[in-house]
file entry-v7.cif (mmCIF, C-alpha atoms)
data_input
#
loop_
_atom_site.label_atom_id
_atom_site.label_comp_id
_atom_site.auth_asym_id
_atom_site.auth_seq_id
_atom_site.Cartn_x
_atom_site.Cartn_y
_atom_site.Cartn_z
CA MET A 422 15.61 0.78 -31.26
CA THR A 423 15.49 -0.12 -34.96
CA ASP A 424 19.12 -1.30 -34.92
CA LYS A 425 18.64 -3.77 -32.06
CA SER A 426 17.81 -7.46 -32.22
CA VAL A 427 17.14 -10.31 -29.80
CA LEU A 428 17.39 -14.06 -30.05
CA LEU A 429 14.29 -15.51 -28.41
CA ILE A 430 14.51 -19.06 -27.02
CA ILE A 431 11.00 -20.44 -26.48
CA GLY A 432 10.89 -23.21 -23.89
CA GLY A 433 8.21 -25.82 -23.38
CA GLY A 434 5.26 -24.75 -21.25
CA ILE A 435 1.75 -23.38 -21.49
CA ALA A 436 3.20 -19.86 -21.18
CA ALA A 437 4.87 -20.32 -24.59
CA TYR A 438 1.80 -18.75 -26.20
CA LYS A 439 2.83 -15.42 -24.64
CA SER A 440 5.99 -15.49 -26.78
CA LEU A 441 3.82 -14.69 -29.83
CA PHE A 442 2.54 -11.53 -28.15
CA LEU A 443 6.10 -10.69 -27.06
CA ILE A 444 7.36 -10.89 -30.66
CA ARG A 445 4.60 -8.54 -31.80
CA GLU A 446 5.29 -6.12 -28.95
CA LEU A 447 9.02 -6.08 -29.76
CA ALA A 448 8.25 -5.45 -33.43
CA ARG A 449 6.05 -2.53 -32.41
CA ARG A 450 9.01 -1.11 -30.49
CA GLY A 451 11.37 -1.59 -33.42
CA VAL A 452 13.28 -4.60 -32.02
CA LYS A 453 13.94 -7.45 -34.45
CA THR A 454 13.53 -11.04 -33.30
CA ARG A 455 15.02 -14.37 -34.33
CA ALA A 456 13.70 -17.45 -32.56
CA ILE A 457 14.69 -20.90 -31.38
CA ILE A 458 11.95 -23.27 -30.20
CA THR A 459 12.80 -26.29 -28.08
CA ARG A 460 11.29 -29.63 -29.02
CA SER A 461 8.82 -29.42 -26.13
CA GLY A 462 8.12 -25.79 -27.04
CA THR A 463 6.74 -26.92 -30.41
CA GLU A 464 3.99 -28.72 -28.50
CA PHE A 465 2.60 -25.29 -27.55
CA VAL A 466 3.50 -22.97 -30.44
CA THR A 467 4.44 -23.86 -34.01
CA PRO A 468 7.50 -22.73 -35.98
CA LEU A 469 5.08 -21.53 -38.65
CA SER A 470 3.29 -19.09 -36.30
CA VAL A 471 6.55 -17.83 -34.80
CA GLY A 472 8.14 -17.45 -38.23
CA ALA A 473 5.13 -15.54 -39.54
CA LEU A 474 5.57 -12.98 -36.75
CA THR A 475 9.38 -12.71 -36.85
CA GLY A 476 9.66 -12.82 -40.62
CA GLU A 477 12.72 -15.02 -40.08
CA THR A 478 13.61 -18.70 -40.22
CA VAL A 479 12.77 -20.40 -36.93
CA PHE A 480 15.42 -22.78 -35.60
CA THR A 481 14.53 -26.01 -33.83
CA ASP A 482 17.13 -28.73 -34.47
CA LEU A 483 20.80 -28.73 -33.54
CA PHE A 484 21.58 -31.28 -36.23
CA ASP A 485 19.72 -29.70 -39.15
CA LEU A 486 22.49 -29.55 -41.77
CA THR A 487 20.70 -26.91 -43.85
CA GLN A 488 20.24 -24.60 -40.87
CA GLU A 489 23.83 -25.16 -39.74
CA ALA A 490 25.09 -24.26 -43.20
CA GLU A 491 22.99 -21.10 -43.39
CA MET A 492 23.29 -19.95 -39.77
CA GLY A 493 25.41 -22.11 -37.49
CA HIS A 494 24.49 -22.26 -33.81
CA ILE A 495 27.70 -20.43 -32.85
CA GLU A 496 26.89 -17.57 -35.21
CA LEU A 497 23.24 -17.64 -34.15
CA SER A 498 24.26 -17.24 -30.50
CA ARG A 499 26.42 -14.21 -31.19
CA SER A 500 24.74 -12.29 -34.03
CA THR A 501 22.30 -10.65 -31.64
CA ASP A 502 22.28 -7.95 -28.97
CA LEU A 503 20.51 -9.98 -26.29
CA VAL A 504 19.39 -13.58 -25.75
CA VAL A 505 15.93 -13.89 -24.20
CA VAL A 506 14.57 -17.15 -22.78
CA ALA A 507 10.77 -16.98 -22.50
CA PRO A 508 9.37 -19.11 -21.10
CA ALA A 509 12.45 -20.14 -19.15
CA THR A 510 11.65 -23.57 -17.76
CA ALA A 511 13.34 -25.13 -14.74
CA ASP A 512 14.98 -27.57 -17.14
CA LEU A 513 16.45 -24.89 -19.40
CA MET A 514 17.88 -22.96 -16.45
CA ALA A 515 19.34 -26.15 -14.93
CA LYS A 516 21.03 -26.95 -18.24
CA ALA A 517 22.47 -23.43 -18.45
CA VAL A 518 23.86 -23.61 -14.91
CA ASN A 519 25.50 -26.99 -15.49
CA GLY A 520 26.81 -26.30 -18.98
CA LEU A 521 24.75 -28.99 -20.68
CA ALA A 522 24.46 -28.75 -24.45
CA ASN A 523 22.29 -31.57 -25.77
CA ASP A 524 19.94 -29.52 -27.96
CA LEU A 525 19.99 -26.29 -29.95
CA ALA A 526 18.65 -24.10 -27.10
CA SER A 527 21.13 -25.28 -24.45
CA THR A 528 24.03 -25.27 -26.94
CA THR A 529 23.22 -21.69 -27.90
CA LEU A 530 23.10 -20.61 -24.25
CA LEU A 531 26.50 -22.20 -23.66
CA ALA A 532 28.03 -20.66 -26.80
CA THR A 533 26.69 -17.10 -26.55
CA ASP A 534 28.85 -14.17 -25.54
CA LYS A 535 25.81 -11.92 -25.05
CA ARG A 536 23.80 -11.22 -21.89
CA VAL A 537 20.86 -13.53 -21.28
CA LEU A 538 17.48 -12.43 -19.94
CA TYR A 539 15.32 -15.18 -18.41
CA ALA A 540 11.53 -14.99 -17.99
CA PRO A 541 10.81 -18.01 -15.73
CA ALA A 542 7.55 -19.93 -15.95
CA MET A 543 6.74 -23.03 -13.93
CA ASN A 544 4.64 -24.49 -11.13
CA VAL A 545 4.97 -22.65 -7.83
CA ARG A 546 6.48 -25.69 -6.09
CA MET A 547 9.05 -26.06 -8.86
CA TRP A 548 9.93 -22.36 -8.53
CA ASP A 549 10.20 -22.60 -4.74
CA HIS A 550 12.31 -25.79 -4.86
CA PRO A 551 15.81 -25.23 -3.44
CA ALA A 552 17.39 -26.61 -6.63
CA THR A 553 15.63 -24.01 -8.80
CA GLN A 554 16.47 -21.20 -6.40
CA ARG A 555 20.14 -22.27 -6.38
CA ASN A 556 20.16 -22.27 -10.17
CA VAL A 557 18.57 -18.82 -10.34
CA ALA A 558 21.07 -17.46 -7.83
CA THR A 559 23.96 -18.94 -9.82
CA LEU A 560 22.72 -17.49 -13.09
CA ARG A 561 22.30 -14.07 -11.48
CA ASP A 562 25.80 -14.24 -10.02
CA GLU A 563 27.11 -15.02 -13.50
CA GLY A 564 25.42 -11.91 -14.92
CA ALA A 565 22.09 -13.23 -16.19
CA LEU A 566 19.04 -10.98 -16.02
CA PHE A 567 15.56 -11.93 -14.83
CA VAL A 568 12.05 -10.59 -15.31
CA GLY A 569 9.37 -12.26 -13.22
CA PRO A 570 8.01 -14.65 -12.36
CA ASP A 571 4.71 -13.15 -11.32
CA GLU A 572 2.22 -14.33 -8.74
CA GLY A 573 -1.18 -15.63 -9.80
CA ASP A 574 -3.36 -18.53 -10.88
CA MET A 575 -1.63 -21.24 -12.89
CA ALA A 576 -2.74 -23.68 -15.56
CA CYS A 577 -2.19 -26.53 -13.08
CA GLY A 578 -4.83 -25.05 -10.79
CA GLU A 579 -2.43 -23.82 -8.08
CA TYR A 580 -1.71 -20.23 -7.06
CA GLY A 581 1.60 -18.55 -6.34
CA LEU A 582 4.86 -17.35 -7.88
CA GLY A 583 5.62 -19.00 -11.18
CA ARG A 584 3.54 -17.26 -13.87
CA MET A 585 5.62 -15.88 -16.70
CA ALA A 586 5.73 -12.09 -16.74
CA GLU A 587 3.39 -10.40 -19.18
CA PRO A 588 4.77 -9.63 -22.67
CA GLU A 589 4.75 -5.86 -22.03
CA ALA A 590 6.81 -6.31 -18.86
CA ILE A 591 9.28 -8.59 -20.66
CA ALA A 592 9.53 -6.06 -23.50
CA ASP A 593 10.23 -3.32 -20.92
CA ALA A 594 13.01 -5.45 -19.43
CA ILE A 595 14.43 -6.11 -22.91
CA GLU A 596 14.45 -2.40 -23.73
CA ALA A 597 16.13 -1.66 -20.41
CA ALA A 598 18.76 -4.35 -21.04
CA LEU A 599 19.40 -3.09 -24.57
CA SER A 600 19.79 0.42 -23.16
CA GLY A 601 22.34 -0.78 -20.63
CA GLU A 602 20.26 -0.39 -17.44
CA THR A 603 18.44 -3.39 -16.00
CA HIS A 604 16.45 -4.52 -13.02
CA LEU A 605 19.35 -6.81 -12.13
CA ASP A 606 21.68 -3.82 -12.17
CA GLY A 607 19.32 -2.21 -9.67
CA LEU A 608 19.35 -5.36 -7.55
CA LYS A 609 23.14 -5.39 -7.49
CA LYS A 610 23.40 -1.71 -6.62
CA LYS A 611 20.76 -2.01 -3.86
CA PRO A 612 19.78 1.67 -4.29
CA LEU A 613 17.35 1.52 -1.36
CA LYS A 614 19.87 0.10 1.10
CA ASN A 615 19.67 1.76 4.53
CA LYS A 616 16.27 3.24 3.64
CA HIS A 617 13.29 2.38 5.85
CA ILE A 618 10.09 2.05 3.85
CA LEU A 619 6.76 1.74 5.63
CA ILE A 620 3.91 0.23 3.60
CA THR A 621 0.27 -0.54 4.37
CA ALA A 622 -1.63 -3.23 2.47
CA GLY A 623 -4.90 -5.10 2.34
CA PRO A 624 -8.29 -4.21 3.81
CA THR A 625 -9.25 -3.41 7.36
CA ARG A 626 -12.10 -5.11 9.20
CA GLU A 627 -14.37 -3.06 11.46
CA PRO A 628 -16.35 -5.37 13.77
CA ILE A 629 -20.10 -5.08 14.15
CA ASP A 630 -20.41 -8.02 16.50
CA PRO A 631 -18.24 -11.12 17.17
CA VAL A 632 -19.08 -12.64 13.74
CA ARG A 633 -19.74 -9.68 11.41
CA TYR A 634 -17.63 -6.79 10.17
CA LEU A 635 -17.39 -4.00 7.58
CA SER A 636 -14.66 -4.44 4.99
CA ASN A 637 -13.91 -4.32 1.23
CA HIS A 638 -12.57 -6.43 -1.64
CA SER A 639 -8.87 -5.54 -1.30
CA SER A 640 -6.65 -8.62 -1.65
CA GLY A 641 -3.41 -6.94 -0.57
CA LYS A 642 -1.61 -8.17 -3.70
CA GLN A 643 -0.41 -4.73 -4.84
CA GLY A 644 0.86 -3.69 -1.42
CA TYR A 645 2.65 -7.01 -0.90
CA ALA A 646 4.21 -6.74 -4.37
CA ILE A 647 5.48 -3.23 -3.58
CA ALA A 648 6.94 -4.46 -0.30
CA ALA A 649 8.73 -7.29 -2.16
CA ALA A 650 10.02 -4.92 -4.86
CA CYS A 651 11.40 -2.43 -2.31
CA ALA A 652 13.07 -5.25 -0.37
CA GLU A 653 14.67 -6.49 -3.62
CA LEU A 654 16.31 -3.08 -3.96
CA GLY A 655 17.75 -3.33 -0.46
CA ALA A 656 15.20 -1.39 1.60
CA ASP A 657 14.38 -2.16 5.22
CA VAL A 658 10.64 -2.71 4.76
CA THR A 659 7.89 -2.70 7.38
CA LEU A 660 4.58 -3.96 5.98
CA VAL A 661 1.48 -3.23 8.06
CA SER A 662 -1.13 -5.59 6.70
CA GLY A 663 -4.83 -6.08 7.11
CA PRO A 664 -6.31 -9.61 6.90
CA VAL A 665 -5.19 -11.26 3.63
CA SER A 666 -4.36 -14.76 2.43
CA LEU A 667 -0.87 -13.89 1.20
CA LYS A 668 2.54 -15.07 2.35
CA SER A 669 4.75 -12.38 3.83
CA PRO A 670 7.38 -11.30 1.26
CA ALA A 671 10.99 -12.33 1.83
CA ASN A 672 13.11 -9.95 3.92
CA VAL A 673 10.07 -7.91 4.97
CA LYS A 674 8.89 -7.29 8.53
CA THR A 675 5.13 -7.83 8.50
CA VAL A 676 2.82 -6.51 11.20
CA ASN A 677 -0.68 -7.99 11.06
CA ILE A 678 -3.64 -5.88 12.17
CA GLU A 679 -7.44 -5.95 11.84
CA THR A 680 -8.88 -2.45 12.21
CA ALA A 681 -8.01 1.03 10.95
CA LYS A 682 -7.17 2.21 14.46
CA GLU A 683 -4.76 -0.71 14.87
CA MET A 684 -3.19 0.09 11.49
CA LEU A 685 -2.57 3.71 12.45
CA LYS A 686 -1.07 2.67 15.79
CA ALA A 687 1.26 0.19 14.06
CA CYS A 688 2.33 2.80 11.51
CA GLU A 689 3.14 5.40 14.16
CA LYS A 690 5.08 2.78 16.11
CA ALA A 691 7.14 1.98 12.97
CA LEU A 692 8.25 5.60 12.50
CA PRO A 693 10.66 7.12 11.63
CA ALA A 694 10.73 6.07 7.99
CA ASP A 695 12.23 7.48 4.83
CA VAL A 696 9.17 6.60 2.74
CA PHE A 697 5.55 5.86 3.58
CA ILE A 698 3.39 4.12 0.95
CA SER A 699 -0.30 3.98 1.87
CA VAL A 700 -1.61 1.15 -0.32
CA ALA A 701 -4.16 -0.34 2.10
CA ALA A 702 -7.86 0.04 1.42
CA VAL A 703 -8.74 1.36 4.86
CA ALA A 704 -12.42 1.31 5.80
CA ASP A 705 -13.68 4.90 5.87
CA TRP A 706 -16.16 4.21 8.66
CA ARG A 707 -16.62 1.87 11.61
CA PRO A 708 -19.64 1.04 13.75
CA SER A 709 -20.07 3.53 16.59
CA SER A 710 -20.51 0.63 18.97
CA GLN A 711 -19.79 -3.09 18.82
CA SER A 712 -22.12 -5.69 20.21
CA GLY A 713 -20.48 -8.17 22.56
CA LYS A 714 -22.83 -10.87 21.33
CA LYS A 715 -24.03 -11.92 17.90
CA ILE A 716 -26.94 -9.73 16.85
CA LYS A 717 -29.92 -12.03 16.28
CA LYS A 718 -32.76 -11.64 13.84
CA ASP A 719 -35.89 -11.13 15.93
CA GLY A 720 -38.50 -10.43 13.25
CA LYS A 721 -38.62 -6.74 14.20
CA GLY A 722 -36.72 -5.50 11.16
CA VAL A 723 -33.11 -4.52 10.48
CA PRO A 724 -31.32 -3.13 13.54
CA PRO A 725 -29.88 0.37 13.07
CA LEU A 726 -26.16 0.59 12.33
CA MET A 727 -24.63 3.87 13.40
CA LEU A 728 -21.25 4.70 11.86
CA GLU A 729 -18.38 7.03 12.68
CA GLU A 730 -15.29 8.02 10.71
CA ASN A 731 -12.09 6.06 10.98
CA PRO A 732 -8.78 7.88 11.38
CA ASP A 733 -7.23 9.06 8.10
CA ILE A 734 -3.89 7.25 8.11
CA LEU A 735 -2.44 8.88 5.01
CA SER A 736 -3.34 12.40 6.13
CA THR A 737 -2.12 11.75 9.67
CA LEU A 738 1.32 10.56 8.56
CA SER A 739 1.58 13.33 5.95
CA LYS A 740 1.24 15.89 8.76
CA HIS A 741 3.03 13.87 11.47
CA LYS A 742 5.88 15.38 13.47
CA LYS A 743 7.93 12.36 12.31
CA ARG A 744 6.72 12.73 8.71
CA PRO A 745 8.63 10.49 6.26
CA GLY A 746 10.58 12.32 3.58
CA LEU A 747 8.42 10.87 0.80
CA VAL A 748 4.73 10.13 1.38
CA ILE A 749 2.84 8.21 -1.31
CA GLY A 750 -0.89 7.60 -1.29
CA PHE A 751 -3.07 5.34 -3.42
CA ALA A 752 -6.38 6.42 -4.92
CA ALA A 753 -8.69 3.55 -5.88
CA GLU A 754 -11.39 5.16 -8.02
CA THR A 755 -14.27 4.00 -10.21
CA ASN A 756 -14.81 7.23 -12.15
CA ASP A 757 -13.01 10.53 -12.86
CA VAL A 758 -9.86 8.78 -11.69
CA VAL A 759 -7.32 11.54 -12.33
CA LYS A 760 -9.62 14.31 -11.10
CA HIS A 761 -10.34 12.57 -7.79
CA ALA A 762 -6.68 11.58 -7.35
CA LYS A 763 -5.47 15.16 -7.81
CA ALA A 764 -7.98 16.35 -5.24
CA LYS A 765 -6.75 13.65 -2.84
CA LEU A 766 -3.13 14.67 -3.40
CA LYS A 767 -3.94 18.19 -2.24
CA LYS A 768 -6.28 17.20 0.59
CA LYS A 769 -3.98 14.59 2.12
CA ALA A 770 -0.83 16.75 1.85
CA CYS A 771 1.18 13.84 0.44
CA ASP A 772 3.90 14.00 -2.22
CA TRP A 773 2.63 11.45 -4.75
CA ILE A 774 -0.66 9.75 -5.47
CA VAL A 775 -0.83 6.48 -7.38
CA ALA A 776 -4.26 6.36 -9.01
CA ASN A 777 -5.96 3.32 -10.47
CA ASP A 778 -9.37 2.46 -11.86
CA VAL A 779 -10.88 -0.33 -9.75
CA SER A 780 -14.20 -0.49 -11.59
CA GLY A 781 -13.02 -3.74 -13.23
CA ASP A 782 -11.17 -6.62 -11.58
CA VAL A 783 -8.12 -4.72 -10.28
CA MET A 784 -9.16 -5.29 -6.67
CA GLY A 785 -8.33 -8.95 -6.18
CA GLY A 786 -6.90 -9.32 -9.69
CA ASP A 787 -3.30 -9.92 -10.75
CA ASN A 788 -2.81 -6.91 -13.05
CA ASN A 789 -2.93 -3.17 -12.60
CA SER A 790 -2.63 0.00 -14.66
CA MET A 791 -1.39 2.84 -12.48
CA ILE A 792 -1.15 6.60 -12.93
CA LEU A 793 1.55 8.34 -10.90
CA ILE A 794 0.43 11.86 -10.03
CA THR A 795 2.76 14.44 -8.50
CA LYS A 796 2.73 18.19 -8.18
CA ASN A 797 4.67 18.28 -11.46
CA GLY A 798 2.22 16.26 -13.57
CA GLU A 799 1.05 12.72 -14.25
CA ASP A 800 2.64 9.60 -15.68
CA HIS A 801 0.39 6.89 -17.13
CA TRP A 802 1.83 3.37 -16.80
CA PRO A 803 0.68 0.38 -18.90
CA MET A 804 -1.50 -2.49 -17.75
CA GLU A 805 0.93 -5.02 -16.32
CA SER A 806 1.28 -7.53 -13.53
CA LYS A 807 1.13 -6.08 -10.04
CA LEU A 808 4.69 -7.20 -9.39
CA SER A 809 5.93 -5.45 -12.54
CA ALA A 810 4.02 -2.32 -11.53
CA ALA A 811 5.52 -2.57 -8.05
CA ARG A 812 9.04 -2.81 -9.45
CA ARG A 813 8.36 0.20 -11.63
CA LEU A 814 7.27 2.19 -8.55
CA ALA A 815 10.22 0.96 -6.44
CA THR A 816 12.63 2.04 -9.18
CA LYS A 817 10.97 5.45 -9.34
CA ILE A 818 11.32 5.81 -5.56
CA SER A 819 15.00 4.84 -5.68
CA GLU A 820 15.67 7.35 -8.45
CA THR A 821 13.92 10.08 -6.49
CA LEU A 822 15.76 9.38 -3.24
CA SER A 823 19.12 9.26 -5.01
#
call {"tool": "encode", "arguments": {"input": "entry-v7.cif", "output": "structure tokens"}}
result
Amino acid sequence: MTDKSVLLIIGGGIAAYKSLFLIRELARRGVKTRAIITRSGTEFVTPLSVGALTGETVFTDLFDLTQEAEMGHIELSRSTDLVVVAPATADLMAKAVNGLANDLASTTLLATDKRVLYAPAMNVRMWDHPATQRNVATLRDEGALFVGPDEGDMACGEYGLGRMAEPEAIADAIEAALSGETHLDGLKKKPLKNKHILITAGPTREPIDPVRYLSNHSSGKQGYAIAAACAELGADVTLVSGPVSLKSPANVKTVNIETAKEMLKACEKALPADVFISVAAVADWRPSSQSGKKIKKDGKGVPPLMLEENPDILSTLSKHKKRPGLVIGFAAETNDVVKHAKAKLKKKACDWIVANDVSGDVMGGDNNSMILITKNGEDHWPMESKLSAARRLATKISETLS
């Protein structure tokens, strides 16, 4: 894309540092960048650092006579292929919605005749506030594009939606917008409308006694993100979830379970479905018997724990008489990732396997690097936020079903 350029508006917020990585990533992809930094944005990144990466003059002041003579704000707003606001603060989006133009950034947004891509970044409560959601909805209705926000830990110490998308994900969205196809286009088309997608997420808990159980480190974040991404594209989503500390995604029917047997029962009850995505980290074994009372230490050593296999949910639904048209499994591996995933694809009789290396902090973390394996080959996806990865998978599903 050597003939493409973007105008990057850098808002004020701790996420502004990511704009430097975004500029470098765009340069690597052959996209040229000019930049505007708001006054508050200069508290986090300097015009000197941004200019060094863009190789261009960095604009900051609406009333700089030299800048206006060389590149007026009207020309600046239109001599580009796409305007990108990253980080897009609540204030910048509110100004854009209400047509305010009291600084260079807001004036440029009001004057541009190009599409605008917003990468929101703010506190979770600010993002969830009805005023912000109204502004986002208005901007979308007017044709603006969005990437993110992502879910995760924030600089303020809270957790939730509000983190700016990672530079690679923003660069992907920019490339898509410059190519004419965008995530927003997908949202408007609702390509998964009238499709029932069944998803499992989180761990299962297999009780030993009333206070102890067997489980694993799964947080459920990837499964919940996939459920949210499929719902965004119009799908009727049923999410069967093990015990997690996550809020149910919007427009998703969530069924909460504890054990593997309960998860299988809930999945079979939810059939028929067009797609089944087995993301949950289901316990492979469960205690053969469960004590009705807490097992006490008696000084006679460790009591024996006899185990038996849990039902194989992915294999069962792959071979079910009501088998969904597309069955997707997940392979969480710590070594020989592709080799083990290909073996699982064959053994489970599913259509796709999404493999990932969980030897690091993927389980419980906010990012993931997935490998999509089908009978036709493998597709390695970059490390990105789990929500971005989920949207990538949801788009792939919609393309396949269409």
call {"tool": "resolve_selection", "arguments": {"input": "entry-v7.cif", "expression": "the PyMOL selection byres ((chain A and resi 741-747) around 12)", "output": "ChimeraX atom specification"}}
result
/A:616-620,685,688-699,733-740,748-750,769-774,795,817-819,821-822
call {"tool": "resolve_selection", "arguments": {"input": "entry-v7.cif", "expression": "the PyMOL selection byres ((chain A and resi 621) around 6)", "output": "list in words"}}
result
Ile620, Ala622, Leu660, Val661, Ser662, Ser699, Val700 and Ala701 of chain A
call {"tool": "closest_residue", "arguments": {"input": "entry-v7.cif", "among": "A:Arg584, A:Lys714, A:Arg460, A:Arg707", "to": "Trp548 in chain A", "atoms": "only C-alpha atoms"}}
result
A:Arg584
call {"tool": "resolve_selection", "arguments": {"input": "entry-v7.cif", "expression": "the PyMOL selection byres ((chain A and resi 801) around 8)", "output": "ChimeraX atom specification"}}
result
/A:790-793,799-800,802-803
call {"tool": "closest_residue", "arguments": {"input": "entry-v7.cif", "among": "A:Asp719, A:Ser639, A:Thr625, A:Leu654", "to": "Asp705 in chain A", "atoms": "all atoms listed in the file"}}
result
A:Thr625
call {"tool": "axis_aligned_box", "arguments": {"input": "entry-v7.cif", "around": "range 514-518 of chain A", "padding_each_side": "4 Å", "output": "AutoDock Vina command-line options"}}
result
--center_x 20.9 --center_y -25.0 --center_z -16.7 --size_x 14.0 --size_y 12.0 --size_z 11.5
call {"tool": "closest_residue", "arguments": {"input": "entry-v7.cif", "among": "A:Asn756, A:Gln554, A:Asn672, A:Ser636", "to": "Ala704 in chain A", "atoms": "only C-alpha atoms"}}
result
A:Ser636
call {"tool": "residues_around", "arguments": {"input": "entry-v7.cif", "residues": "Ser710 in chain A", "least_positions_apart": "4", "cutoff": "12 Å", "atoms": "all atoms listed in the file", "output": "list in words"}}
result
Glu627, Pro628, Ile629, Asp630, Tyr634, Trp706, Lys714, Pro725, Leu726, Met727, Leu728 and Glu729 of chain A
call {"tool": "closest_residue", "arguments": {"input": "entry-v7.cif", "among": "A:Thr467, A:Ala511, A:Asp534, A:Tyr580", "to": "Gly564 in chain A", "atoms": "all atoms listed in the file"}}
result
A:Asp534
call {"tool": "residues_around", "arguments": {"input": "entry-v7.cif", "residues": "Leu560 in chain A", "least_positions_apart": "4", "cutoff": "9 Å", "atoms": "all atoms listed in the file", "output": "ChimeraX atom specification"}}
result
/A:514,517-518,555-556,564-566
call {"tool": "atom_distance", "arguments": {"input": "entry-v7.cif", "atom1": "CA of Ala542 in chain A", "atom2": "CA of Ile430 in chain A"}}
result
13.1 Å
call {"tool": "residues_around", "arguments": {"input": "entry-v7.cif", "residues": "Ala753 in chain A", "least_positions_apart": "4", "cutoff": "7 Å", "atoms": "only C-alpha atoms", "output": "list in words"}}
result
Ala776, Asn777, Asp778 and Val779 of chain A
call {"tool": "write_last_selection", "arguments": {"input": "entry-v7.cif", "atoms": "C-alpha atoms", "output": "PDB file, in the frame of the given file"}}
result
ATOM      1  CA  ALA A 776      -4.260   6.360  -9.010  1.00  0.00           C
ATOM      2  CA  ASN A 777      -5.960   3.320 -10.470  1.00  0.00           C
ATOM      3  CA  ASP A 778      -9.370   2.460 -11.860  1.00  0.00           C
ATOM      4  CA  VAL A 779     -10.880  -0.330  -9.750  1.00  0.00           C
TER       5      VAL A 779
END
call {"tool": "atom_distance", "arguments": {"input": "entry-v7.cif", "atom1": "CA of Glu805 in chain A", "atom2": "CA of Gly786 in chain A"}}
result
11.1 Å
call {"tool": "residues_around", "arguments": {"input": "entry-v7.cif", "residues": "Thr475 in chain A", "least_positions_apart": "2", "cutoff": "8 Å", "atoms": "only C-alpha atoms", "output": "number ranges by chain"}}
result
A: 444, 453-456, 471-473, 477
call {"tool": "residues_around", "arguments": {"input": "entry-v7.cif", "residues": "range 433-437 of chain A", "least_positions_apart": "3", "cutoff": "9 Å", "atoms": "all atoms listed in the file", "output": "number ranges by chain"}}
result
A: 440-441, 458-466, 507-510, 542-543, 576, 584-585
call {"tool": "closest_residue", "arguments": {"input": "entry-v7.cif", "among": "A:Ala656, A:Ile647, A:Ala681, A:Ala764", "to": "Ser669 in chain A", "atoms": "all atoms listed in the file"}}
result
A:Ile647
